[in-house]
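Source file: final.csv (CSV, N, CA and C atoms)
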```csv
chain,number,residue,atom,x,y,z
A,1,MET,N,106.4,3.5,109.3
A,1,MET,CA,105.4,2.8,108.6
A,1,MET,C,105.2,3.5,107.3
A,2,PRO,N,105.3,2.9,106.1
A,2,PRO,CA,105.1,3.5,104.9
A,2,PRO,C,103.7,4.0,104.6
A,3,THR,N,103.6,5.1,103.8
A,3,THR,CA,102.3,5.7,103.5
A,3,THR,C,101.9,5.2,102.1
A,4,SER,N,100.7,4.6,102.1
A,4,SER,CA,100.2,4.1,100.8
A,4,SER,C,99.3,5.2,100.2
A,5,ALA,N,99.0,5.1,98.9
A,5,ALA,CA,98.1,6.0,98.2
A,5,ALA,C,96.7,6.1,98.9
A,6,MET,N,96.4,5.0,99.6
A,6,MET,CA,95.0,5.0,100.2
A,6,MET,C,95.0,5.6,101.6
A,7,THR,N,96.2,5.9,102.2
A,7,THR,CA,96.2,6.5,103.5
A,7,THR,C,95.9,7.9,103.4
A,8,PRO,N,94.9,8.4,104.2
A,8,PRO,CA,94.5,9.8,104.1
A,8,PRO,C,95.7,10.7,104.6
A,9,MET,N,95.8,11.8,104.0
A,9,MET,CA,96.8,12.8,104.4
A,9,MET,C,96.3,13.5,105.7
A,10,ILE,N,97.2,13.8,106.6
A,10,ILE,CA,96.8,14.6,107.7
A,10,ILE,C,96.9,16.1,107.3
A,11,ARG,N,95.7,16.8,107.5
A,11,ARG,CA,95.6,18.1,107.0
A,11,ARG,C,95.1,19.0,108.1
A,12,VAL,N,95.4,20.3,108.1
A,12,VAL,CA,94.8,21.2,109.0
A,12,VAL,C,93.5,21.6,108.4
A,13,LEU,N,92.4,21.2,109.0
A,13,LEU,CA,91.1,21.4,108.5
A,13,LEU,C,90.2,21.9,109.7
A,14,PRO,N,89.1,22.6,109.4
A,14,PRO,CA,88.1,22.8,110.4
A,14,PRO,C,87.6,21.5,110.9
A,15,VAL,N,87.3,21.4,112.2
A,15,VAL,CA,86.7,20.2,112.7
A,15,VAL,C,85.2,20.4,112.6
A,16,VAL,N,84.5,19.5,111.8
A,16,VAL,CA,83.1,19.7,111.5
A,16,VAL,C,82.3,18.6,112.1
A,17,GLY,N,81.4,18.9,113.0
A,17,GLY,CA,80.5,17.8,113.5
A,17,GLY,C,79.1,18.2,113.1
A,18,GLU,N,78.1,17.8,113.9
A,18,GLU,CA,76.7,18.3,113.6
A,18,GLU,C,76.7,19.8,113.5
A,19,ALA,N,77.3,20.4,114.5
A,19,ALA,CA,77.4,21.9,114.4
A,19,ALA,C,78.9,22.2,114.7
A,20,MET,N,79.5,22.9,113.8
A,20,MET,CA,80.9,23.2,113.9
A,20,MET,C,81.2,23.9,115.2
A,21,SER,N,82.1,23.3,116.0
A,21,SER,CA,82.4,23.9,117.3
A,21,SER,C,83.9,24.2,117.5
A,22,LEU,N,84.8,23.4,116.8
A,22,LEU,CA,86.2,23.7,116.9
A,22,LEU,C,86.8,23.9,115.5
A,23,VAL,N,87.6,24.9,115.3
A,23,VAL,CA,88.3,25.2,114.1
A,23,VAL,C,89.8,25.2,114.3
A,24,LYS,N,90.5,24.3,113.7
A,24,LYS,CA,92.0,24.3,113.9
A,24,LYS,C,92.6,25.4,113.1
A,25,LEU,N,93.5,26.2,113.8
A,25,LEU,CA,94.1,27.3,113.2
A,25,LEU,C,95.6,27.1,113.3
A,26,PRO,N,96.4,27.8,112.5
A,26,PRO,CA,97.9,27.8,112.7
A,26,PRO,C,98.1,28.5,114.1
A,27,GLY,N,98.7,27.8,115.0
A,27,GLY,CA,99.0,28.3,116.3
A,27,GLY,C,97.9,28.3,117.3
A,28,GLY,N,96.9,27.5,117.0
A,28,GLY,CA,95.8,27.5,118.0
A,28,GLY,C,94.5,26.9,117.5
A,29,VAL,N,93.4,27.1,118.2
A,29,VAL,CA,92.1,26.6,117.8
A,29,VAL,C,91.1,27.7,118.2
A,30,ALA,N,90.1,27.8,117.3
A,30,ALA,CA,88.9,28.6,117.6
A,30,ALA,C,87.8,27.7,118.2
A,31,ASP,N,87.5,27.9,119.4
A,31,ASP,CA,86.4,27.2,120.1
A,31,ASP,C,85.1,28.0,120.0
A,32,LEU,N,84.3,27.6,119.0
A,32,LEU,CA,83.1,28.4,118.7
A,32,LEU,C,82.0,28.2,119.7
A,33,GLU,N,82.0,27.0,120.4
A,33,GLU,CA,81.0,26.7,121.4
A,33,GLU,C,81.2,27.7,122.6
A,34,HIS,N,82.5,28.0,122.9
A,34,HIS,CA,82.8,28.8,124.0
A,34,HIS,C,83.2,30.2,123.6
A,35,SER,N,83.1,30.5,122.3
A,35,SER,CA,83.3,31.9,121.8
A,35,SER,C,84.7,32.4,122.2
A,36,GLU,N,85.8,31.6,121.8
A,36,GLU,CA,87.1,32.1,122.1
A,36,GLU,C,88.1,31.5,121.2
A,37,ILE,N,89.2,32.1,121.0
A,37,ILE,CA,90.4,31.6,120.3
A,37,ILE,C,91.4,31.3,121.4
A,38,ARG,N,91.9,30.0,121.3
A,38,ARG,CA,92.9,29.6,122.3
A,38,ARG,C,94.2,29.4,121.5
A,39,HIS,N,95.2,30.2,121.8
A,39,HIS,CA,96.5,30.1,121.1
A,39,HIS,C,97.4,29.1,121.8
A,40,ASP,N,98.3,28.5,121.0
A,40,ASP,CA,99.2,27.5,121.5
A,40,ASP,C,100.0,28.0,122.7
A,41,ASP,N,100.3,29.3,122.8
A,41,ASP,CA,101.1,29.9,123.9
A,41,ASP,C,100.3,30.1,125.1
A,42,GLY,N,99.0,29.7,125.1
A,42,GLY,CA,98.1,29.8,126.3
A,42,GLY,C,97.2,31.0,126.3
A,43,GLN,N,97.5,32.0,125.5
A,43,GLN,CA,96.7,33.2,125.4
A,43,GLN,C,95.3,32.8,124.9
A,44,ARG,N,94.3,33.5,125.4
A,44,ARG,CA,92.9,33.3,124.9
A,44,ARG,C,92.3,34.7,124.5
A,45,ASP,N,91.6,34.7,123.4
A,45,ASP,CA,91.0,35.9,123.0
A,45,ASP,C,89.5,35.6,122.9
A,46,PRO,N,88.7,36.3,123.6
A,46,PRO,CA,87.2,36.1,123.6
A,46,PRO,C,86.6,36.6,122.2
A,47,LEU,N,85.6,36.0,121.8
A,47,LEU,CA,84.9,36.4,120.5
A,47,LEU,C,83.5,36.9,120.9
A,48,SER,N,83.1,37.9,120.2
A,48,SER,CA,81.7,38.4,120.4
A,48,SER,C,80.8,37.3,119.7
A,49,VAL,N,79.5,37.4,120.0
A,49,VAL,CA,78.6,36.5,119.3
A,49,VAL,C,78.7,36.7,117.8
A,50,ARG,N,78.7,37.9,117.3
A,50,ARG,CA,78.8,38.2,115.9
A,50,ARG,C,80.1,37.6,115.3
A,51,GLU,N,81.3,37.8,116.0
A,51,GLU,CA,82.5,37.3,115.5
A,51,GLU,C,82.5,35.8,115.4
A,52,THR,N,81.9,35.2,116.4
A,52,THR,CA,81.8,33.7,116.4
A,52,THR,C,80.9,33.3,115.2
A,53,ASP,N,79.8,33.9,115.0
A,53,ASP,CA,79.0,33.5,113.9
A,53,ASP,C,79.7,33.7,112.6
A,54,LEU,N,80.4,34.8,112.4
A,54,LEU,CA,81.1,35.2,111.2
A,54,LEU,C,82.2,34.1,110.9
A,55,LEU,N,83.0,33.8,112.0
A,55,LEU,CA,84.1,32.8,111.8
A,55,LEU,C,83.5,31.5,111.5
A,56,ARG,N,82.4,31.1,112.1
A,56,ARG,CA,81.8,29.8,111.9
A,56,ARG,C,81.3,29.7,110.4
A,57,TYR,N,80.7,30.8,109.9
A,57,TYR,CA,80.2,30.8,108.5
A,57,TYR,C,81.3,30.7,107.5
A,58,LEU,N,82.4,31.5,107.8
A,58,LEU,CA,83.5,31.5,106.8
A,58,LEU,C,84.2,30.1,106.8
A,59,ALA,N,84.4,29.6,108.0
A,59,ALA,CA,85.1,28.3,108.1
A,59,ALA,C,84.2,27.2,107.5
A,60,THR,N,82.9,27.3,107.6
A,60,THR,CA,82.0,26.3,107.0
A,60,THR,C,82.1,26.4,105.5
A,61,ASN,N,82.4,27.5,105.0
A,61,ASN,CA,82.5,27.8,103.6
A,61,ASN,C,84.0,28.0,103.2
A,62,ALA,N,84.9,27.2,103.8
A,62,ALA,CA,86.3,27.3,103.6
A,62,ALA,C,86.7,27.2,102.1
A,63,ASP,N,87.7,27.9,101.8
A,63,ASP,CA,88.3,27.8,100.4
A,63,ASP,C,87.3,28.4,99.3
A,64,ARG,N,86.4,29.2,99.8
A,64,ARG,CA,85.5,29.8,98.8
A,64,ARG,C,85.3,31.3,99.2
A,65,ALA,N,85.5,32.1,98.2
A,65,ALA,CA,85.3,33.6,98.5
A,65,ALA,C,83.8,33.8,98.8
A,66,VAL,N,83.5,34.4,99.9
A,66,VAL,CA,82.2,34.7,100.4
A,66,VAL,C,82.0,36.3,100.3
A,67,SER,N,81.0,36.7,99.6
A,67,SER,CA,80.8,38.1,99.3
A,67,SER,C,80.2,38.8,100.6
A,68,ARG,N,80.4,40.1,100.7
A,68,ARG,CA,79.9,40.9,101.8
A,68,ARG,C,78.3,40.7,101.8
A,69,ASP,N,77.7,40.7,100.6
A,69,ASP,CA,76.2,40.6,100.6
A,69,ASP,C,75.8,39.2,101.2
A,70,GLU,N,76.5,38.2,100.9
A,70,GLU,CA,76.2,36.9,101.4
A,70,GLU,C,76.4,36.9,102.9
A,71,ILE,N,77.4,37.5,103.4
A,71,ILE,CA,77.7,37.6,104.8
A,71,ILE,C,76.5,38.3,105.5
A,72,LEU,N,76.2,39.5,104.9
A,72,LEU,CA,75.1,40.3,105.5
A,72,LEU,C,73.8,39.4,105.6
A,73,GLU,N,73.5,38.7,104.5
A,73,GLU,CA,72.3,37.9,104.5
A,73,GLU,C,72.3,36.7,105.4
A,74,GLN,N,73.4,36.0,105.4
A,74,GLN,CA,73.5,34.7,106.2
A,74,GLN,C,73.9,34.9,107.6
A,75,VAL,N,74.7,35.9,108.0
A,75,VAL,CA,75.2,36.0,109.3
A,75,VAL,C,74.4,37.1,110.1
A,76,TRP,N,74.3,38.3,109.4
A,76,TRP,CA,73.5,39.4,110.0
A,76,TRP,C,72.0,39.3,109.8
A,77,HIS,N,71.6,38.5,108.8
A,77,HIS,CA,70.2,38.4,108.5
A,77,HIS,C,69.6,39.7,108.0
A,78,LEU,N,70.4,40.4,107.2
A,78,LEU,CA,70.0,41.7,106.6
A,78,LEU,C,69.9,41.6,105.1
A,79,ASN,N,69.0,42.4,104.5
A,79,ASN,CA,69.0,42.4,103.1
A,79,ASN,C,70.0,43.5,102.6
A,80,PRO,N,71.0,43.0,101.8
A,80,PRO,CA,72.1,44.0,101.5
A,80,PRO,C,71.7,45.0,100.4
A,81,LYS,N,70.6,44.9,99.8
A,81,LYS,CA,70.2,45.8,98.8
A,81,LYS,C,70.0,47.2,99.4
A,82,ARG,N,70.6,48.2,98.7
A,82,ARG,CA,70.6,49.6,99.1
A,82,ARG,C,71.1,49.8,100.6
A,83,LEU,N,72.0,48.9,101.0
A,83,LEU,CA,72.6,49.0,102.3
A,83,LEU,C,74.1,49.2,102.1
A,84,ILE,N,74.6,50.3,102.6
A,84,ILE,CA,76.1,50.5,102.6
A,84,ILE,C,76.6,50.5,104.0
A,85,THR,N,77.5,49.6,104.3
A,85,THR,CA,78.0,49.4,105.6
A,85,THR,C,79.5,48.9,105.6
A,86,ARG,N,80.2,49.3,106.6
A,86,ARG,CA,81.6,48.8,106.7
A,86,ARG,C,81.7,47.8,107.9
A,87,THR,N,80.5,47.4,108.4
A,87,THR,CA,80.5,46.5,109.6
A,87,THR,C,81.3,45.2,109.3
A,88,ILE,N,81.1,44.6,108.1
A,88,ILE,CA,81.8,43.4,107.7
A,88,ILE,C,83.3,43.6,107.8
A,89,ASP,N,83.8,44.6,107.2
A,89,ASP,CA,85.2,44.9,107.2
A,89,ASP,C,85.7,45.1,108.6
A,90,MET,N,85.0,45.8,109.4
A,90,MET,CA,85.4,46.0,110.8
A,90,MET,C,85.5,44.7,111.6
A,91,HIS,N,84.5,43.9,111.4
A,91,HIS,CA,84.5,42.6,112.1
A,91,HIS,C,85.6,41.7,111.6
A,92,ILE,N,85.9,41.7,110.3
A,92,ILE,CA,87.0,40.9,109.8
A,92,ILE,C,88.3,41.5,110.4
A,93,ALA,N,88.5,42.8,110.5
A,93,ALA,CA,89.7,43.4,111.1
A,93,ALA,C,89.8,42.9,112.5
A,94,ASN,N,88.7,43.0,113.3
A,94,ASN,CA,88.8,42.5,114.7
A,94,ASN,C,89.2,41.0,114.8
A,95,LEU,N,88.6,40.2,113.9
A,95,LEU,CA,88.9,38.8,113.9
A,95,LEU,C,90.4,38.6,113.6
A,96,ARG,N,90.9,39.3,112.6
A,96,ARG,CA,92.3,39.1,112.2
A,96,ARG,C,93.2,39.5,113.4
A,97,GLY,N,92.8,40.5,114.2
A,97,GLY,CA,93.6,40.9,115.4
A,97,GLY,C,93.6,39.8,116.4
A,98,LYS,N,92.5,39.2,116.6
A,98,LYS,CA,92.4,38.1,117.6
A,98,LYS,C,93.0,36.8,117.1
A,99,LEU,N,93.1,36.6,115.8
A,99,LEU,CA,93.8,35.5,115.2
A,99,LEU,C,95.3,35.7,115.1
A,100,HIS,N,95.7,36.9,115.5
A,100,HIS,CA,97.1,37.3,115.4
A,100,HIS,C,97.6,37.2,114.0
A,101,GLU,N,96.8,37.6,113.0
A,101,GLU,CA,97.1,37.6,111.6
A,101,GLU,C,98.1,38.8,111.3
A,102,ASP,N,99.1,38.5,110.5
A,102,ASP,CA,99.9,39.6,109.9
A,102,ASP,C,99.2,40.1,108.7
A,103,PRO,N,98.8,41.4,108.7
A,103,PRO,CA,97.9,42.0,107.6
A,103,PRO,C,98.6,41.8,106.3
A,104,GLY,N,99.9,41.8,106.2
A,104,GLY,CA,100.6,41.7,105.0
A,104,GLY,C,100.8,40.3,104.5
A,105,ASN,N,100.6,39.3,105.4
A,105,ASN,CA,100.8,37.9,105.1
A,105,ASN,C,99.8,37.0,105.9
A,106,PRO,N,98.5,37.2,105.6
A,106,PRO,CA,97.5,36.4,106.4
A,106,PRO,C,97.6,34.9,106.1
A,107,LYS,N,97.2,34.2,107.1
A,107,LYS,CA,97.3,32.7,107.1
A,107,LYS,C,95.9,32.1,107.1
A,108,VAL,N,94.9,32.9,107.5
A,108,VAL,CA,93.5,32.3,107.7
A,108,VAL,C,92.4,33.1,107.0
A,109,LEU,N,92.4,34.4,107.2
A,109,LEU,CA,91.3,35.2,106.6
A,109,LEU,C,91.9,36.0,105.5
A,110,PHE,N,91.5,35.7,104.3
A,110,PHE,CA,92.0,36.4,103.1
A,110,PHE,C,90.9,37.3,102.5
A,111,THR,N,91.4,38.5,102.0
A,111,THR,CA,90.5,39.3,101.2
A,111,THR,C,90.7,38.9,99.8
A,112,VAL,N,89.6,38.6,99.1
A,112,VAL,CA,89.6,38.3,97.7
A,112,VAL,C,89.0,39.5,97.0
A,113,ARG,N,89.9,40.2,96.4
A,113,ARG,CA,89.6,41.5,95.8
A,113,ARG,C,88.4,41.4,94.8
A,114,GLY,N,87.4,42.2,95.0
A,114,GLY,CA,86.2,42.2,94.1
A,114,GLY,C,85.2,41.1,94.4
A,115,LYS,N,85.5,40.2,95.4
A,115,LYS,CA,84.7,39.1,95.7
A,115,LYS,C,84.2,39.1,97.2
A,116,GLY,N,85.1,39.3,98.1
A,116,GLY,CA,84.8,39.2,99.5
A,116,GLY,C,85.9,38.7,100.4
A,117,TYR,N,85.6,37.7,101.2
A,117,TYR,CA,86.5,37.2,102.2
A,117,TYR,C,86.5,35.6,102.0
A,118,MET,N,87.7,35.1,102.4
A,118,MET,CA,87.8,33.6,102.3
A,118,MET,C,88.6,33.1,103.5
A,119,PHE,N,88.0,32.0,104.1
A,119,PHE,CA,88.7,31.3,105.2
A,119,PHE,C,89.5,30.2,104.5
A,120,ALA,N,90.8,30.2,104.8
A,120,ALA,CA,91.7,29.1,104.3
A,120,ALA,C,92.9,29.1,105.1
A,121,VAL,N,93.5,28.0,105.2
A,121,VAL,CA,94.8,27.8,106.0
A,121,VAL,C,95.9,27.6,104.9
A,122,GLN,N,96.8,28.6,104.8
A,122,GLN,CA,97.9,28.5,103.9
A,122,GLN,C,98.8,27.3,104.2
A,123,GLY,N,99.3,26.7,103.2
A,123,GLY,CA,100.3,25.6,103.4
A,123,GLY,C,99.7,24.3,103.7
A,124,ARG,N,98.3,24.2,103.7
A,124,ARG,CA,97.8,22.8,104.0
A,124,ARG,C,97.9,22.0,102.7
A,125,SER,N,97.9,20.7,102.9
A,125,SER,CA,98.1,19.9,101.7
A,125,SER,C,96.8,19.6,101.0
```
For the file at hand, write its structure as structure tokens.
Amino acid sequence: MPTSAMTPMIRVLPVVGEAMSLVKLPGGVADLEHSEIRHDDGQRDPLSVRETDLLRYLATNADRAVSRDEILEQVWHLNPKRLITRTIDMHIANLRGKLHEDPGNPKVLFTVRGKGYMFAVQGRS
């Protein structure tokens, strides 16, 4: 069946409903309602409450660099002024491990130098 200019393209996007519960990933899906990542090979990685909240926030703000301060305010509900912490970086590292991200070639969680972190799926149309 030919594709017309009016036919929507099929894209790998987060599934967004009233409350985001499923996020499509390369090689699997993040089930935020059940706090786990289900990989296509059958492996499952549980997510902590904070990892789930962080992934939900980044996916909701996909394709936009989100600063550490914004994450502290919106996910941790902390005032980032005069607060020095590596907790965001550690949670991102843990998420990347559970997402099976290659640190040298990430596909989902990107570090945007000088800005923060961005959720994006490389290669989507």
Hey, what's within 8 Å of Glu51 (chain A) if we count only N, CA and C atoms and toss same-chain stuff fewer than 6 positions away? As a ChimeraX atom specification, please?
/A:35,57,91-92,94-95
Of A:Phe110, A:Ala59, A:Thr52, A:Gly27, the one sitting nearest Asp40 (chain A) when using all atoms listed in the file is A:Gly27
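Using all atoms listed in the file, the residues found no farther than 8 Å from region 79-82 of chain A, other than those of its own chain fewer than 4 positions away, are A:Arg68, A:Asp69, A:Glu70, A:Leu72, A:Glu73, A:Gln74.
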Chain A: residues DSSP assigns to strand (DSSP E), reported as a VMD selection string:
chain A and resid 14 to 15 22 to 25 28 to 31 36 to 39 44 to 46 109 to 112 116 to 119
Could you save those same residues with N, CA and C atoms as a PDB file, in the frame of the given file?
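out-v7.pdb, freshly written:
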```pdb
ATOM      1  N   PRO A  14      89.100  22.600 109.400  1.00  0.00           N
ATOM      2  CA  PRO A  14      88.100  22.800 110.400  1.00  0.00           C
ATOM      3  C   PRO A  14      87.600  21.500 110.900  1.00  0.00           C
ATOM      4  N   VAL A  15      87.300  21.400 112.200  1.00  0.00           N
ATOM      5  CA  VAL A  15      86.700  20.200 112.700  1.00  0.00           C
ATOM      6  C   VAL A  15      85.200  20.400 112.600  1.00  0.00           C
ATOM      7  N   LEU A  22      84.800  23.400 116.800  1.00  0.00           N
ATOM      8  CA  LEU A  22      86.200  23.700 116.900  1.00  0.00           C
ATOM      9  C   LEU A  22      86.800  23.900 115.500  1.00  0.00           C
ATOM     10  N   VAL A  23      87.600  24.900 115.300  1.00  0.00           N
ATOM     11  CA  VAL A  23      88.300  25.200 114.100  1.00  0.00           C
ATOM     12  C   VAL A  23      89.800  25.200 114.300  1.00  0.00           C
ATOM     13  N   LYS A  24      90.500  24.300 113.700  1.00  0.00           N
ATOM     14  CA  LYS A  24      92.000  24.300 113.900  1.00  0.00           C
ATOM     15  C   LYS A  24      92.600  25.400 113.100  1.00  0.00           C
ATOM     16  N   LEU A  25      93.500  26.200 113.800  1.00  0.00           N
ATOM     17  CA  LEU A  25      94.100  27.300 113.200  1.00  0.00           C
ATOM     18  C   LEU A  25      95.600  27.100 113.300  1.00  0.00           C
ATOM     19  N   GLY A  28      96.900  27.500 117.000  1.00  0.00           N
ATOM     20  CA  GLY A  28      95.800  27.500 118.000  1.00  0.00           C
ATOM     21  C   GLY A  28      94.500  26.900 117.500  1.00  0.00           C
ATOM     22  N   VAL A  29      93.400  27.100 118.200  1.00  0.00           N
ATOM     23  CA  VAL A  29      92.100  26.600 117.800  1.00  0.00           C
ATOM     24  C   VAL A  29      91.100  27.700 118.200  1.00  0.00           C
ATOM     25  N   ALA A  30      90.100  27.800 117.300  1.00  0.00           N
ATOM     26  CA  ALA A  30      88.900  28.600 117.600  1.00  0.00           C
ATOM     27  C   ALA A  30      87.800  27.700 118.200  1.00  0.00           C
ATOM     28  N   ASP A  31      87.500  27.900 119.400  1.00  0.00           N
ATOM     29  CA  ASP A  31      86.400  27.200 120.100  1.00  0.00           C
ATOM     30  C   ASP A  31      85.100  28.000 120.000  1.00  0.00           C
ATOM     31  N   GLU A  36      85.800  31.600 121.800  1.00  0.00           N
ATOM     32  CA  GLU A  36      87.100  32.100 122.100  1.00  0.00           C
ATOM     33  C   GLU A  36      88.100  31.500 121.200  1.00  0.00           C
ATOM     34  N   ILE A  37      89.200  32.100 121.000  1.00  0.00           N
ATOM     35  CA  ILE A  37      90.400  31.600 120.300  1.00  0.00           C
ATOM     36  C   ILE A  37      91.400  31.300 121.400  1.00  0.00           C
ATOM     37  N   ARG A  38      91.900  30.000 121.300  1.00  0.00           N
ATOM     38  CA  ARG A  38      92.900  29.600 122.300  1.00  0.00           C
ATOM     39  C   ARG A  38      94.200  29.400 121.500  1.00  0.00           C
ATOM     40  N   HIS A  39      95.200  30.200 121.800  1.00  0.00           N
ATOM     41  CA  HIS A  39      96.500  30.100 121.100  1.00  0.00           C
ATOM     42  C   HIS A  39      97.400  29.100 121.800  1.00  0.00           C
ATOM     43  N   ARG A  44      94.300  33.500 125.400  1.00  0.00           N
ATOM     44  CA  ARG A  44      92.900  33.300 124.900  1.00  0.00           C
ATOM     45  C   ARG A  44      92.300  34.700 124.500  1.00  0.00           C
ATOM     46  N   ASP A  45      91.600  34.700 123.400  1.00  0.00           N
ATOM     47  CA  ASP A  45      91.000  35.900 123.000  1.00  0.00           C
ATOM     48  C   ASP A  45      89.500  35.600 122.900  1.00  0.00           C
ATOM     49  N   PRO A  46      88.700  36.300 123.600  1.00  0.00           N
ATOM     50  CA  PRO A  46      87.200  36.100 123.600  1.00  0.00           C
ATOM     51  C   PRO A  46      86.600  36.600 122.200  1.00  0.00           C
ATOM     52  N   LEU A 109      92.400  34.400 107.200  1.00  0.00           N
ATOM     53  CA  LEU A 109      91.300  35.200 106.600  1.00  0.00           C
ATOM     54  C   LEU A 109      91.900  36.000 105.500  1.00  0.00           C
ATOM     55  N   PHE A 110      91.500  35.700 104.300  1.00  0.00           N
ATOM     56  CA  PHE A 110      92.000  36.400 103.100  1.00  0.00           C
ATOM     57  C   PHE A 110      90.900  37.300 102.500  1.00  0.00           C
ATOM     58  N   THR A 111      91.400  38.500 102.000  1.00  0.00           N
ATOM     59  CA  THR A 111      90.500  39.300 101.200  1.00  0.00           C
ATOM     60  C   THR A 111      90.700  38.900  99.800  1.00  0.00           C
ATOM     61  N   VAL A 112      89.600  38.600  99.100  1.00  0.00           N
ATOM     62  CA  VAL A 112      89.600  38.300  97.700  1.00  0.00           C
ATOM     63  C   VAL A 112      89.000  39.500  97.000  1.00  0.00           C
ATOM     64  N   GLY A 116      85.100  39.300  98.100  1.00  0.00           N
ATOM     65  CA  GLY A 116      84.800  39.200  99.500  1.00  0.00           C
ATOM     66  C   GLY A 116      85.900  38.700 100.400  1.00  0.00           C
ATOM     67  N   TYR A 117      85.600  37.700 101.200  1.00  0.00           N
ATOM     68  CA  TYR A 117      86.500  37.200 102.200  1.00  0.00           C
ATOM     69  C   TYR A 117      86.500  35.600 102.000  1.00  0.00           C
ATOM     70  N   MET A 118      87.700  35.100 102.400  1.00  0.00           N
ATOM     71  CA  MET A 118      87.800  33.600 102.300  1.00  0.00           C
ATOM     72  C   MET A 118      88.600  33.100 103.500  1.00  0.00           C
ATOM     73  N   PHE A 119      88.000  32.000 104.100  1.00  0.00           N
ATOM     74  CA  PHE A 119      88.700  31.300 105.200  1.00  0.00           C
ATOM     75  C   PHE A 119      89.500  30.200 104.500  1.00  0.00           C
TER      76      PHE A 119
END
```
Which polymer residues, whether protein, DNA or RNA, lie within 8 Å of the coordinate (96.8, 33.7, 120.2) when you count only N, CA and C atoms? List them as a list in words, using the chain letters and numbers from the file.
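Those residues lying close to the given coordinates are Gly27, Gly28, Val29, Ile37, Arg38, His39, Asp40, Asp41, Gly42, Gln43, Arg44, Asp45, Gly97, Lys98, Leu99 and His100 of chain A.
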Saved selection, atoms kept: N, CA and C atoms, as a short mmCIF file (atom, residue, chain, number, x, y, z; two decimals), keeping the file's coordinate frame:
```
data_model
loop_
_atom_site.label_atom_id
_atom_site.label_comp_id
_atom_site.auth_asym_id
_atom_site.auth_seq_id
_atom_site.Cartn_x
_atom_site.Cartn_y
_atom_site.Cartn_z
N GLY A 27 98.70 27.80 115.00
CA GLY A 27 99.00 28.30 116.30
C GLY A 27 97.90 28.30 117.30
N GLY A 28 96.90 27.50 117.00
CA GLY A 28 95.80 27.50 118.00
C GLY A 28 94.50 26.90 117.50
N VAL A 29 93.40 27.10 118.20
CA VAL A 29 92.10 26.60 117.80
C VAL A 29 91.10 27.70 118.20
N ILE A 37 89.20 32.10 121.00
CA ILE A 37 90.40 31.60 120.30
C ILE A 37 91.40 31.30 121.40
N ARG A 38 91.90 30.00 121.30
CA ARG A 38 92.90 29.60 122.30
C ARG A 38 94.20 29.40 121.50
N HIS A 39 95.20 30.20 121.80
CA HIS A 39 96.50 30.10 121.10
C HIS A 39 97.40 29.10 121.80
N ASP A 40 98.30 28.50 121.00
CA ASP A 40 99.20 27.50 121.50
C ASP A 40 100.00 28.00 122.70
N ASP A 41 100.30 29.30 122.80
CA ASP A 41 101.10 29.90 123.90
C ASP A 41 100.30 30.10 125.10
N GLY A 42 99.00 29.70 125.10
CA GLY A 42 98.10 29.80 126.30
C GLY A 42 97.20 31.00 126.30
N GLN A 43 97.50 32.00 125.50
CA GLN A 43 96.70 33.20 125.40
C GLN A 43 95.30 32.80 124.90
N ARG A 44 94.30 33.50 125.40
CA ARG A 44 92.90 33.30 124.90
C ARG A 44 92.30 34.70 124.50
N ASP A 45 91.60 34.70 123.40
CA ASP A 45 91.00 35.90 123.00
C ASP A 45 89.50 35.60 122.90
N GLY A 97 92.80 40.50 114.20
CA GLY A 97 93.60 40.90 115.40
C GLY A 97 93.60 39.80 116.40
N LYS A 98 92.50 39.20 116.60
CA LYS A 98 92.40 38.10 117.60
C LYS A 98 93.00 36.80 117.10
N LEU A 99 93.10 36.60 115.80
CA LEU A 99 93.80 35.50 115.20
C LEU A 99 95.30 35.70 115.10
N HIS A 100 95.70 36.90 115.50
CA HIS A 100 97.10 37.30 115.40
C HIS A 100 97.60 37.20 114.00
#
```
Rounded to one decimal, what separation in Å do you get between atom C of Ala62 (chain A) and CA of Arg96 (chain A)?
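Atom-to-atom, atom C of Ala62 (chain A) to CA of Arg96 (chain A), that is 16.6 Å.
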Minimum-distance residue to Ile71 (chain A), chosen among A:Leu54, A:Pro26, A:Asn105, A:Thr85 (using all atoms listed in the file)
A:Leu54
Among region 77-123 of chain A, which residues carry a DSSP assignment of alpha helix (DSSP H), reported as a short mmCIF file (atom, residue, chain, number, x, y, z; two decimals) with N, CA and C atoms, in the frame of the given file?
```cif
data_model
loop_
_atom_site.label_atom_id
_atom_site.label_comp_id
_atom_site.auth_asym_id
_atom_site.auth_seq_id
_atom_site.Cartn_x
_atom_site.Cartn_y
_atom_site.Cartn_z
N THR A 87 80.50 47.40 108.40
CA THR A 87 80.50 46.50 109.60
C THR A 87 81.30 45.20 109.30
N ILE A 88 81.10 44.60 108.10
CA ILE A 88 81.80 43.40 107.70
C ILE A 88 83.30 43.60 107.80
N ASP A 89 83.80 44.60 107.20
CA ASP A 89 85.20 44.90 107.20
C ASP A 89 85.70 45.10 108.60
N MET A 90 85.00 45.80 109.40
CA MET A 90 85.40 46.00 110.80
C MET A 90 85.50 44.70 111.60
N HIS A 91 84.50 43.90 111.40
CA HIS A 91 84.50 42.60 112.10
C HIS A 91 85.60 41.70 111.60
N ILE A 92 85.90 41.70 110.30
CA ILE A 92 87.00 40.90 109.80
C ILE A 92 88.30 41.50 110.40
N ALA A 93 88.50 42.80 110.50
CA ALA A 93 89.70 43.40 111.10
C ALA A 93 89.80 42.90 112.50
N ASN A 94 88.70 43.00 113.30
CA ASN A 94 88.80 42.50 114.70
C ASN A 94 89.20 41.00 114.80
N LEU A 95 88.60 40.20 113.90
CA LEU A 95 88.90 38.80 113.90
C LEU A 95 90.40 38.60 113.60
N ARG A 96 90.90 39.30 112.60
CA ARG A 96 92.30 39.10 112.20
C ARG A 96 93.20 39.50 113.40
N GLY A 97 92.80 40.50 114.20
CA GLY A 97 93.60 40.90 115.40
C GLY A 97 93.60 39.80 116.40
N LYS A 98 92.50 39.20 116.60
CA LYS A 98 92.40 38.10 117.60
C LYS A 98 93.00 36.80 117.10
#
```
What does the structure give for the distance between CA of Asp31 (chain A) and CA of Leu55 (chain A), in Å to one decimal?
10.3 Å
